[in-house]
$ cat upload_37.txt   # compact mmCIF, C-alpha atoms
# COMPACT_ATOMS: atom_id res chain seq x y z
CA MET Q 1 132.56 76.07 76.74
CA SER Q 2 130.47 74.61 73.93
CA GLU Q 3 126.69 74.91 73.72
CA ALA Q 4 126.53 71.16 74.19
CA ASN Q 5 127.99 71.58 77.69
CA LYS Q 6 125.54 74.30 78.67
CA THR Q 7 122.89 72.56 80.76
CA PHE Q 8 120.74 75.60 81.50
CA THR Q 9 118.56 78.05 79.58
CA GLN Q 10 118.30 81.83 79.48
CA GLU Q 11 115.23 81.50 81.70
CA ASP Q 12 117.34 79.52 84.17
CA ILE Q 13 119.84 82.40 84.27
CA VAL Q 14 117.10 84.96 84.94
CA ASN Q 15 115.45 82.92 87.68
CA SER Q 16 118.77 81.94 89.26
CA TYR Q 17 119.86 85.57 89.29
CA VAL Q 18 116.68 86.68 91.06
CA TYR Q 19 116.89 83.79 93.51
CA ILE Q 20 120.45 84.55 94.66
CA LEU Q 21 119.97 88.34 94.47
CA GLY Q 22 117.53 88.02 97.37
CA ARG Q 23 120.35 86.59 99.50
CA TYR Q 24 122.97 89.11 98.37
CA LEU Q 25 120.67 91.98 99.30
CA VAL Q 26 120.63 90.69 102.90
CA ILE Q 27 124.41 90.24 102.85
CA ARG Q 28 124.76 93.82 101.61
CA GLN Q 29 122.71 95.07 104.56
CA GLU Q 30 124.70 92.93 107.00
CA LYS Q 31 127.93 94.49 105.74
CA ILE Q 32 126.48 98.01 105.91
CA ASP Q 33 125.21 97.44 109.45
CA LEU Q 34 128.44 95.94 110.78
CA LYS Q 35 130.52 98.82 109.37
CA GLU Q 36 128.86 101.23 111.79
CA SER Q 37 130.89 102.23 114.81
CA GLY Q 38 129.86 100.35 117.96
CA VAL Q 39 127.77 97.80 116.07
CA ASP Q 40 128.57 94.12 116.37
CA TYR Q 41 126.81 90.78 116.52
CA ASN Q 42 124.51 90.32 119.51
CA ILE Q 43 124.49 94.02 120.33
CA LEU Q 44 121.09 95.68 120.16
CA LYS Q 45 121.28 99.07 118.50
CA HIS Q 46 118.51 101.48 119.56
CA ASN Q 47 117.76 103.73 116.59
CA PRO Q 48 116.58 107.26 117.40
CA ALA Q 49 113.05 108.26 116.47
CA VAL Q 50 112.70 110.14 113.20
CA THR Q 51 110.02 112.73 113.92
CA GLU Q 52 108.89 115.74 111.93
CA GLY Q 53 111.60 118.38 111.88
CA SER Q 54 114.35 115.76 112.03
CA HIS Q 55 117.26 116.77 109.84
CA GLY Q 56 119.87 114.45 111.33
CA ASP Q 57 120.52 110.73 111.14
CA THR Q 58 117.98 108.54 109.38
CA PRO Q 59 117.93 104.73 109.12
CA THR Q 60 120.54 103.17 106.83
CA PHE Q 61 118.20 100.51 105.43
CA VAL Q 62 115.64 100.91 102.67
CA ASN Q 63 112.03 101.81 103.35
CA PRO Q 64 112.09 102.43 107.13
CA ASN Q 65 108.84 102.78 109.10
CA LEU Q 66 108.75 106.11 110.96
CA GLU Q 67 105.67 105.46 113.11
CA VAL Q 68 107.78 103.31 115.42
CA VAL Q 69 111.07 103.39 117.24
CA TYR Q 70 113.29 100.60 115.98
CA SER Q 71 115.96 98.58 117.63
CA GLU Q 72 117.95 96.10 115.59
CA ALA Q 73 120.69 93.50 115.95
CA TRP Q 74 122.40 90.75 114.05
CA LEU Q 75 122.12 87.64 116.18
CA ALA Q 76 124.83 84.99 116.12
CA VAL Q 77 124.51 81.59 117.81
CA ASP Q 78 126.18 78.19 117.64
CA GLU Q 79 125.57 74.65 118.92
CA LYS Q 80 126.35 75.60 122.52
CA THR Q 81 125.55 79.30 122.62
CA PRO Q 82 122.07 80.82 122.42
CA VAL Q 83 121.16 84.49 122.56
CA ILE Q 84 118.84 85.71 125.30
CA LEU Q 85 116.24 88.26 124.22
CA GLU Q 86 114.31 90.24 126.83
CA ILE Q 87 111.09 92.05 125.96
CA PRO Q 88 109.43 94.43 128.45
CA GLU Q 89 105.74 94.50 129.18
CA ILE Q 90 104.12 96.91 126.70
CA PRO Q 91 100.90 98.87 127.39
CA ASP Q 92 97.86 97.46 125.60
CA ASN Q 93 97.35 100.60 123.50
CA LEU Q 94 100.78 100.44 121.81
CA TYR Q 95 101.65 98.23 118.87
CA TYR Q 96 104.90 96.30 119.25
CA THR Q 97 106.63 93.28 117.85
CA GLY Q 98 109.98 91.51 118.02
CA GLN Q 99 110.46 90.35 114.45
CA ILE Q 100 113.14 87.74 113.77
CA VAL Q 101 114.14 86.94 110.19
CA ASP Q 102 116.65 84.44 108.84
CA GLU Q 103 119.66 85.06 106.60
CA TRP Q 104 117.41 85.23 103.53
CA ALA Q 105 115.07 87.68 105.35
CA GLU Q 106 112.31 85.09 105.64
CA ILE Q 107 110.25 85.66 108.77
CA VAL Q 108 111.00 83.20 111.56
CA THR Q 109 108.57 84.70 114.03
CA ASN Q 110 107.00 87.87 115.44
CA ILE Q 111 107.04 87.93 119.22
CA ASN Q 112 104.03 89.85 120.50
CA GLU Q 113 100.79 89.32 122.38
CA ARG Q 114 99.01 88.07 119.23
CA ASN Q 115 101.42 85.21 118.50
CA TYR Q 116 102.55 84.48 122.05
CA PRO Q 117 99.51 85.13 124.26
CA GLU Q 118 100.95 82.86 126.99
CA LYS Q 119 104.26 84.75 126.99
CA PRO Q 120 103.98 88.18 125.35
CA PHE Q 121 107.01 89.53 127.22
CA GLY Q 122 109.94 88.28 129.29
CA LYS Q 123 112.92 86.13 128.25
CA TYR Q 124 113.36 84.18 125.04
CA ALA Q 125 116.30 81.93 124.16
CA ILE Q 126 117.19 82.22 120.47
CA CYS Q 127 118.85 78.90 119.54
CA LEU Q 128 120.33 77.23 116.50
CA ALA Q 129 117.84 74.64 115.27
CA GLY Q 130 118.86 71.15 116.37
CA SER Q 131 121.22 72.38 119.08
CA THR Q 132 120.97 71.49 122.77
CA PRO Q 133 122.38 74.44 124.72
CA ASP Q 134 121.57 75.26 128.32
CA ILE Q 135 118.92 77.96 128.50
CA PRO Q 136 117.38 79.83 131.47
CA GLU Q 137 114.36 78.13 133.01
CA ASP Q 138 112.26 81.25 132.57
CA ALA Q 139 113.13 81.63 128.86
CA LEU Q 140 110.99 80.39 125.96
CA ARG Q 141 113.08 78.67 123.29
CA ILE Q 142 112.85 79.99 119.71
CA ASP Q 143 114.87 78.29 116.97
CA ILE Q 144 116.54 79.94 113.99
CA PRO Q 145 117.54 77.82 110.95
CA SER Q 146 121.19 78.90 110.63
CA SER Q 147 123.84 80.50 112.79
CA LYS Q 148 122.81 84.10 112.17
CA ALA Q 149 119.54 86.02 112.10
CA LYS Q 150 118.32 89.60 112.28
CA ILE Q 151 115.99 90.98 114.94
CA LEU Q 152 113.94 94.14 114.48
CA THR Q 153 111.96 95.38 117.46
CA ARG Q 154 109.29 97.96 116.81
CA ILE Q 155 107.27 100.01 119.29
CA GLU Q 156 104.59 102.39 118.12
CA ILE Q 157 105.50 105.96 119.03
CA GLY Q 158 101.87 106.93 119.60
CA ASP Q 159 101.27 110.24 121.32
CA VAL Q 160 104.03 109.93 123.95
CA LEU Q 161 107.44 109.66 122.33
CA GLU Q 162 109.23 109.53 125.67
CA LEU Q 163 107.31 106.41 126.73
CA ALA Q 164 108.07 104.62 123.46
CA VAL Q 165 111.78 105.44 123.76
CA LYS Q 166 111.85 104.31 127.40
CA LEU Q 167 110.28 100.97 126.44
CA GLN Q 168 112.58 100.65 123.42
CA HIS Q 169 115.62 100.77 125.68
CA GLN Q 170 114.18 98.01 127.88
CA PHE Q 171 114.53 95.49 125.05
CA LYS Q 172 117.78 93.58 125.60
CA VAL Q 173 119.91 91.12 123.64
CA THR Q 174 122.66 89.16 125.43
CA SER Q 175 124.79 86.31 124.16
CA ALA Q 176 124.93 83.39 126.59
CA GLY Q 177 128.61 82.89 125.79
CA THR Q 178 131.10 83.47 123.00
CA PRO Q 179 129.74 81.86 119.85
CA THR Q 180 131.82 81.06 116.80
CA ILE Q 181 130.81 83.76 114.31
CA THR Q 182 131.30 83.66 110.56
CA PRO Q 183 131.84 87.25 109.38
CA ALA Q 184 129.69 88.78 106.66
CA ILE Q 185 130.59 87.41 103.24
CA ASP Q 186 133.15 89.48 101.37
CA ILE Q 187 131.23 90.88 98.42
CA ALA Q 188 131.59 94.15 96.55
CA LEU Q 189 128.87 96.49 97.75
CA PHE Q 190 126.41 97.45 95.04
CA THR Q 191 123.53 99.91 94.88
CA ASN Q 192 119.94 99.60 93.78
CA LYS Q 193 120.91 101.54 90.65
CA THR Q 194 123.90 99.32 89.89
CA LEU Q 195 122.99 95.71 90.60
CA PRO Q 196 125.74 93.10 90.21
CA GLY Q 197 126.26 91.25 86.94
CA ALA Q 198 127.53 87.71 86.36
CA GLU Q 199 129.95 88.07 89.28
CA ILE Q 200 126.96 87.19 91.46
CA PHE Q 201 127.47 83.57 90.30
CA LYS Q 202 131.18 83.25 91.18
CA THR Q 203 131.90 80.18 93.25
CA ALA Q 204 133.76 81.66 96.23
CA ALA Q 205 131.04 84.04 97.43
CA LEU Q 206 128.23 81.86 96.09
CA GLU Q 207 129.20 78.85 98.22
CA GLU Q 208 129.41 81.03 101.33
CA ALA Q 209 126.01 82.59 100.57
CA LEU Q 210 124.36 79.21 100.10
CA LYS Q 211 125.52 77.91 103.50
CA ALA Q 212 122.65 79.79 105.15
CA THR Q 213 119.67 77.45 105.39
CA ASP Q 214 116.91 78.54 103.02
CA ALA Q 215 113.30 77.79 103.90
CA CYS Q 216 112.25 78.37 100.27
CA PRO Q 217 111.20 75.02 98.72
CA GLU Q 218 112.81 76.11 95.44
CA SER Q 219 116.26 75.99 97.04
CA THR Q 220 116.67 72.33 96.06
CA VAL Q 221 116.33 73.36 92.42
CA PHE Q 222 118.49 76.46 92.49
CA HIS Q 223 121.49 75.34 94.52
CA PRO Q 224 122.67 72.79 91.92
CA LEU Q 225 121.66 75.10 89.08
CA LEU Q 226 123.70 77.98 90.50
CA ARG Q 227 126.73 75.72 90.78
CA LYS Q 228 126.39 74.75 87.13
CA ILE Q 229 126.29 78.42 86.15
CA ALA Q 230 129.34 79.12 88.32
CA THR Q 231 131.29 76.38 86.60
CA TYR Q 232 130.27 77.75 83.21
CA ILE Q 233 131.26 81.39 83.79
CA GLU Q 234 134.59 80.38 85.31
CA ALA Q 235 135.57 78.23 82.33
CA SER Q 236 136.58 81.21 80.20
CA GLU Q 237 136.38 84.98 79.95
CA ALA Q 238 134.08 84.63 76.94
CA ASP Q 239 131.65 82.48 78.93
CA PHE Q 240 131.63 85.02 81.76
CA ASP Q 241 130.99 87.88 79.29
CA GLU Q 242 128.15 85.94 77.68
CA ILE Q 243 126.31 85.45 80.97
CA ASP Q 244 127.14 88.97 82.16
CA LYS Q 245 125.54 90.38 79.01
CA LEU Q 246 122.47 88.22 79.55
CA VAL Q 247 122.17 89.39 83.16
CA HIS Q 248 122.28 93.07 82.18
CA GLN Q 249 120.09 92.77 79.10
CA LYS Q 250 117.49 90.33 80.39
CA ALA Q 251 117.63 89.39 84.10
CA ILE Q 252 117.94 92.87 85.59
CA PRO Q 253 115.33 94.48 83.25
CA GLU Q 254 112.87 91.68 84.00
CA PHE Q 255 113.46 92.12 87.72
CA PHE Q 256 112.84 95.88 87.51
CA ALA Q 257 109.67 95.25 85.47
CA PHE Q 258 108.50 92.80 88.13
CA LEU Q 259 108.95 95.45 90.83
CA LEU Q 260 106.33 97.63 89.15
CA LYS Q 261 103.59 95.02 89.53
CA ILE Q 262 104.73 93.16 92.65
CA GLY Q 263 101.98 91.62 94.78
CA ASP Q 264 98.34 92.61 94.35
CA PHE Q 265 98.05 95.67 92.06
CA ALA Q 266 95.38 98.41 92.12
CA ASN Q 267 95.23 102.18 91.48
CA GLY Q 268 98.98 102.35 90.78
CA TRP Q 269 99.86 100.67 94.11
CA SER Q 270 101.18 97.16 94.70
CA SER Q 271 100.01 95.51 97.92
CA THR Q 272 101.55 92.74 100.02
CA ARG Q 273 98.16 91.67 101.35
CA ASN Q 274 98.51 88.11 100.03
CA TYR Q 275 101.86 87.41 101.71
CA LEU Q 276 102.04 85.90 105.19
CA ASN Q 277 105.63 84.94 104.31
CA PHE Q 278 107.85 84.54 101.27
CA GLY Q 279 107.27 80.81 101.01
CA LYS Q 280 108.34 79.60 97.56
CA ASP Q 281 108.03 83.02 95.92
CA TYR Q 282 111.70 83.93 95.56
CA TRP Q 283 110.82 86.73 93.10
CA PHE Q 284 108.75 88.46 95.75
CA ARG Q 285 111.51 87.85 98.29
CA ALA Q 286 114.10 89.55 96.10
CA GLY Q 287 111.70 92.41 95.42
CA ALA Q 288 110.94 92.90 99.11
CA ASN Q 289 114.64 92.77 100.04
CA PHE Q 290 115.37 95.29 97.29
CA GLY Q 291 112.69 97.85 98.10
CA GLY Q 292 111.69 97.09 101.69
CA ILE Q 293 114.16 94.88 103.50
CA TRP Q 294 112.88 93.63 106.85
CA TRP Q 295 109.41 93.45 105.33
CA ASN Q 296 106.88 91.91 107.69
CA SER Q 297 104.01 89.47 107.33
CA SER Q 298 100.58 90.66 106.18
CA SER Q 299 99.27 89.42 109.53
CA GLU Q 300 101.24 92.31 111.03
CA ALA Q 301 101.26 94.90 108.27
CA ILE Q 302 100.33 95.48 104.66
CA TYR Q 303 102.69 97.58 102.56
CA ASN Q 304 101.22 99.42 99.60
CA MET Q 305 104.02 100.66 97.32
CA LEU Q 306 103.27 103.45 94.84
CA HIS Q 307 104.46 102.90 91.26
CA PHE Q 308 102.13 104.92 89.02
CA ASP Q 309 99.84 107.94 89.19
CA SER Q 310 96.27 107.90 87.84
CA ASP Q 311 97.64 108.53 84.32
CA GLY Q 312 99.86 105.47 84.52
CA GLU Q 313 103.04 107.52 84.81
CA THR Q 314 105.89 107.24 87.33
CA PRO Q 315 105.40 109.85 90.09
CA ASN Q 316 107.97 112.64 89.89
CA GLY Q 317 108.66 115.66 92.09
CA SER Q 318 108.33 117.90 89.04
CA ASN Q 319 104.56 117.54 89.45
CA GLY Q 320 102.07 118.14 92.23
CA TYR Q 321 99.64 115.38 93.23
CA SER Q 322 96.62 114.85 95.43
CA MET Q 323 95.19 111.71 97.04
CA ARG Q 324 91.62 111.85 98.35
CA PHE Q 325 89.92 109.65 100.95
CA ALA Q 326 86.15 109.95 101.25
CA LYS Q 327 84.69 110.50 104.71
CA GLU Q 328 83.33 106.96 104.79
CA ASP Q 329 86.65 105.51 103.60
CA LEU Q 330 89.24 107.18 105.81
CA PRO Q 331 92.23 104.85 106.26
CA GLY Q 332 91.94 104.74 110.05
CA LYS Q 333 88.72 102.78 109.60
CA TYR Q 334 90.64 99.88 108.10
CA VAL Q 335 93.36 99.26 110.68
CA ASP Q 336 93.38 97.99 114.24
CA GLY Q 337 96.90 99.38 114.58
CA TYR Q 338 97.87 102.47 112.61
CA TRP Q 339 98.42 103.83 109.10
CA SER Q 340 101.03 106.08 107.55
CA ALA Q 341 102.24 107.29 104.15
CA THR Q 342 106.03 107.65 103.90
CA ILE Q 343 107.85 109.03 100.85
CA TYR Q 344 111.15 107.71 99.49
CA SER Q 345 113.50 108.21 96.56
CA LYS Q 346 113.28 105.72 93.73
CA PRO Q 347 114.99 103.33 93.03
CA GLU Q 348 117.01 103.81 96.25
CA TYR Q 349 113.93 103.63 98.54
CA MET Q 350 115.67 105.92 101.02
CA LEU Q 351 114.39 108.97 102.92
CA VAL Q 352 114.98 112.27 101.10
CA PRO Q 353 115.82 115.42 103.13
CA ASN Q 354 113.37 118.31 102.76
CA GLU Q 355 112.83 121.77 104.25
CA LEU Q 356 110.32 120.57 106.86
CA GLY Q 357 112.15 117.42 107.87
CA ARG Q 358 108.82 115.73 107.08
CA TYR Q 359 108.99 112.25 105.59
CA LYS Q 360 105.50 110.94 106.26
CA LEU Q 361 101.92 111.72 107.12
CA GLY Q 362 99.73 109.42 109.14
CA TYR Q 363 97.28 108.79 111.90
CA MET Q 364 99.19 110.96 114.38
CA SER Q 365 99.59 113.92 111.99
CA ASP Q 366 97.61 117.10 112.63
CA LEU Q 367 95.74 116.85 109.34
CA ALA Q 368 93.11 119.25 108.02
CA TYR Q 369 89.89 117.70 106.75
CA GLU Q 370 87.53 119.03 104.08
CA THR Q 371 84.10 120.40 105.03
CA ASP Q 372 82.52 117.15 103.86
CA GLY Q 373 84.77 115.12 106.17
CA SER Q 374 87.05 113.82 103.43
CA LEU Q 375 90.84 113.88 103.64
CA ILE Q 376 93.19 115.09 100.89
CA ILE Q 377 96.93 114.49 101.02
CA TYR Q 378 99.10 116.61 98.74
CA ILE Q 379 102.43 115.44 97.35
CA GLY Q 380 105.01 117.56 95.53
CA ALA Q 381 108.30 119.43 95.74
CA GLU Q 382 106.30 122.49 96.81
CA CYS Q 383 103.04 122.79 98.72
CA PRO Q 384 100.31 123.34 96.11
CA THR Q 385 98.56 126.71 96.18
CA GLY Q 386 95.58 126.64 98.53
CA ALA Q 387 96.52 123.32 100.13
CA PRO Q 388 96.94 123.16 103.92
CA LYS Q 389 100.63 122.80 104.70
CA SER Q 390 99.74 120.21 107.34
CA ASN Q 391 98.58 117.88 104.54
CA TRP Q 392 101.67 118.32 102.34
CA LEU Q 393 104.13 115.46 101.86
CA PRO Q 394 107.32 116.96 100.33
CA ALA Q 395 108.68 115.13 97.27
CA PRO Q 396 112.22 115.31 95.83
CA LYS Q 397 112.29 118.09 93.24
CA GLY Q 398 112.57 116.83 89.68
CA LYS Q 399 113.14 113.24 90.74
CA ALA Q 400 111.15 110.02 90.79
CA PHE Q 401 109.69 108.97 94.13
CA THR Q 402 107.57 106.28 95.69
CA ILE Q 403 105.31 106.13 98.75
CA ASP Q 404 104.84 103.23 101.13
CA PHE Q 405 101.31 103.35 102.53
CA ARG Q 406 101.53 101.15 105.62
CA MET Q 407 98.54 99.59 107.35
CA TYR Q 408 99.43 97.87 110.62
CA LEU Q 409 97.01 95.20 111.86
CA PRO Q 410 94.82 95.61 108.76
CA THR Q 411 91.13 94.77 108.85
CA LYS Q 412 89.39 92.12 106.75
CA GLU Q 413 88.47 94.67 104.08
CA VAL Q 414 92.16 95.38 103.42
CA LEU Q 415 93.21 91.74 103.59
CA ASP Q 416 90.59 90.62 101.05
CA GLY Q 417 91.11 93.60 98.73
CA THR Q 418 87.68 95.18 99.28
CA TRP Q 419 89.40 98.44 100.29
CA VAL Q 420 92.42 99.69 98.37
CA VAL Q 421 94.49 102.84 98.56
CA PRO Q 422 93.17 105.53 96.16
CA ALA Q 423 95.23 106.68 93.18
CA ILE Q 424 97.30 109.83 93.31
CA LYS Q 425 96.27 112.40 90.69
CA LYS Q 426 98.27 115.17 89.08
CA ILE Q 427 97.16 118.64 90.08
CA LYS Q 428 96.50 120.34 86.75
$ encode --input "upload_37.txt" --output "structure tokens"
Amino acid sequence: MSEANKTFTQEDIVNSYVYILGRYLVIRQEKIDLKESGVDYNILKHNPAVTEGSHGDTPTFVNPNLEVVYSEAWLAVDEKTPVILEIPEIPDNLYYTGQIVDEWAEIVTNINERNYPEKPFGKYAICLAGSTPDIPEDALRIDIPSSKAKILTRIEIGDVLELAVKLQHQFKVTSAGTPTITPAIDIALFTNKTLPGAEIFKTAALEEALKATDACPESTVFHPLLRKIATYIEASEADFDEIDKLVHQKAIPEFFAFLLKIGDFANGWSSTRNYLNFGKDYWFRAGANFGGIWWNSSSEAIYNMLHFDSDGETPNGSNGYSMRFAKEDLPGKYVDGYWSATIYSKPEYMLVPNELGRYKLGYMSDLAYETDGSLIIYIGAECPTGAPKSNWLPAPKGKAFTIDFRMYLPTKEVLDGTWVVPAIKKIK
């Protein structure tokens, strides 16, 4: 195809790639989820708690939160068939939410006592927007924009695991009939290390991916642009190779660079404090789906992702690190819910097995405090000499890692950036 027929720029390719990557990351997770034995649409899967000493199954999605017990399901509805969600009454002292996200992972709603004070528990009818199905009289209608959505229920484990698990199993999802379900799009699975190239623009999968309604205002720009790129790469092998080279040499590197400074940045951590939803920020959406799929609104939680130590270097398990909180600035002061620090591999953002089966430290950990009341957390492949083992967060030996410092129901000081997570420092 001649340059005269190319109606897009290199910048268009980069932005279009990031825009559609956000969708393909959700499709990838849908395919992974539905491969699991016993998992299907409209079946709520109750994930086991991952507590200290756990050496067995861990969640199959990136960046899981271990302070809660999760249940999850892919919901499928049609014009005549809603899904009925049942939420039990939860004790006041336990955090919970029923988070529903659309097929782009944009948040549709969080069902809890904060957002639904008139109906914090009971039955909810999840319906396709614009449809008119019969729903139970005692169910509150909640619309989703397209025929599928994901639900994540979370209940804080707190100090009684058995209670949290009992409540977890009282959440229920039931289809009101037999909806017409479109299977997950047939794409080649890729990893965070090996993102797709120009094949991401091919018409067959692209058209299926774009059928899911996108709340992002930029969708009106990118849908026609993506179709132009698809036409271009399918005109000849040379055109495909040209765009593929551009994707690998420009789009993917720019996306990875963006990940290092995503959101509000301080002390080597990037914070999601400014994001109630994705809105028009499709770069943030792709970044969240890459490193923390099923991200939640800052009204529920703030995620602080570690990218650099105090020297500006990528944290690596070859080193030992410390992170100090002054007595007057302990993290529990800045949440109405809970806080935790969970370690993951990078760039996979998955839990890494270790000798203790310990993946996080947090408000429920039996931590040792300094004589002055301060708190020091130690991170490394081995517990540093003289450090209390209770305060050690094991890191993958010789490999890069990241930490997600979660703050559920953050206070004003966190939301406005007055308080930020301290830097981690190498132990010399």
$ closest_atom_pairs --input "upload_37.txt" --of "stretch 71-175 of chain Q" --to "stretch 279-291 of chain Q" --cutoff "12 Å" --atoms "only C-alpha atoms" --output "CSV"
residue,atom,partner,partner_atom,distance
Q:Val101,CA,Q:Asn289,CA,11.7
Q:Glu103,CA,Q:Asn289,CA,11.3
Q:Trp104,CA,Q:Arg285,CA,8.3
Q:Ala105,CA,Q:Asn289,CA,7.4
Q:Glu106,CA,Q:Arg285,CA,7.9
Q:Ile107,CA,Q:Gly279,CA,9.6
Q:Val108,CA,Q:Gly279,CA,11.4
$ closest_residue --input "upload_37.txt" --among "Q:Tyr321, Q:Tyr41, Q:Trp419, Q:Trp339" --to "Q:Cys383" --atoms "all atoms listed in the file"
Q:Tyr321
$ residues_around --input "upload_37.txt" --residues "Q:Ile185" --least-positions-apart "2" --cutoff "8 Å" --atoms "only C-alpha atoms" --output "PyMOL selection string"
chain Q and resi 27+31+183+187+205+208-209
$ closest_residue --input "upload_37.txt" --among "Q:Ile155, Q:Leu21, Q:Ile144, Q:Leu246" --to "Q:Pro91" --atoms "all atoms listed in the file"
Q:Ile155
$ atom_distance --input "upload_37.txt" --atom1 "atom CA of Q:Asn319" --atom2 "atom CA of Q:Lys426"
6.7 Å
$ build_atoms --input "upload_37.txt" --residues "stretch 159-172 of chain Q" --atoms "N, CA and C atoms" --output "CSV table (one decimal), in the frame of the given file"
chain,number,residue,atom,x,y,z
Q,159,ASP,N,101.3,108.8,121.0
Q,159,ASP,CA,101.3,110.2,121.3
Q,159,ASP,C,102.2,110.6,122.4
Q,160,VAL,N,103.0,109.6,122.9
Q,160,VAL,CA,104.0,109.9,124.0
Q,160,VAL,C,105.4,109.3,123.5
Q,161,LEU,N,106.2,110.1,122.8
Q,161,LEU,CA,107.4,109.7,122.3
Q,161,LEU,C,108.3,109.2,123.5
Q,162,GLU,N,108.3,109.9,124.6
Q,162,GLU,CA,109.2,109.5,125.7
Q,162,GLU,C,108.9,108.1,126.2
Q,163,LEU,N,107.7,107.7,126.3
Q,163,LEU,CA,107.3,106.4,126.7
Q,163,LEU,C,107.8,105.3,125.8
Q,164,ALA,N,107.6,105.6,124.5
Q,164,ALA,CA,108.1,104.6,123.5
Q,164,ALA,C,109.6,104.4,123.5
Q,165,VAL,N,110.3,105.5,123.7
Q,165,VAL,CA,111.8,105.4,123.8
Q,165,VAL,C,112.2,104.7,125.0
Q,166,LYS,N,111.5,105.0,126.1
Q,166,LYS,CA,111.8,104.3,127.4
Q,166,LYS,C,111.7,102.8,127.3
Q,167,LEU,N,110.5,102.4,126.6
Q,167,LEU,CA,110.3,101.0,126.4
Q,167,LEU,C,111.3,100.4,125.5
Q,168,GLN,N,111.6,101.1,124.4
Q,168,GLN,CA,112.6,100.6,123.4
Q,168,GLN,C,113.9,100.2,124.1
Q,169,HIS,N,114.3,101.0,125.0
Q,169,HIS,CA,115.6,100.8,125.7
Q,169,HIS,C,115.5,99.7,126.7
Q,170,GLN,N,114.3,99.1,127.0
Q,170,GLN,CA,114.2,98.0,127.9
Q,170,GLN,C,114.3,96.7,127.2
Q,171,PHE,N,114.2,96.7,125.8
Q,171,PHE,CA,114.5,95.5,125.0
Q,171,PHE,C,116.0,95.2,125.2
Q,172,LYS,N,116.4,93.9,125.4
Q,172,LYS,CA,117.8,93.6,125.6
Q,172,LYS,C,118.1,92.3,124.8
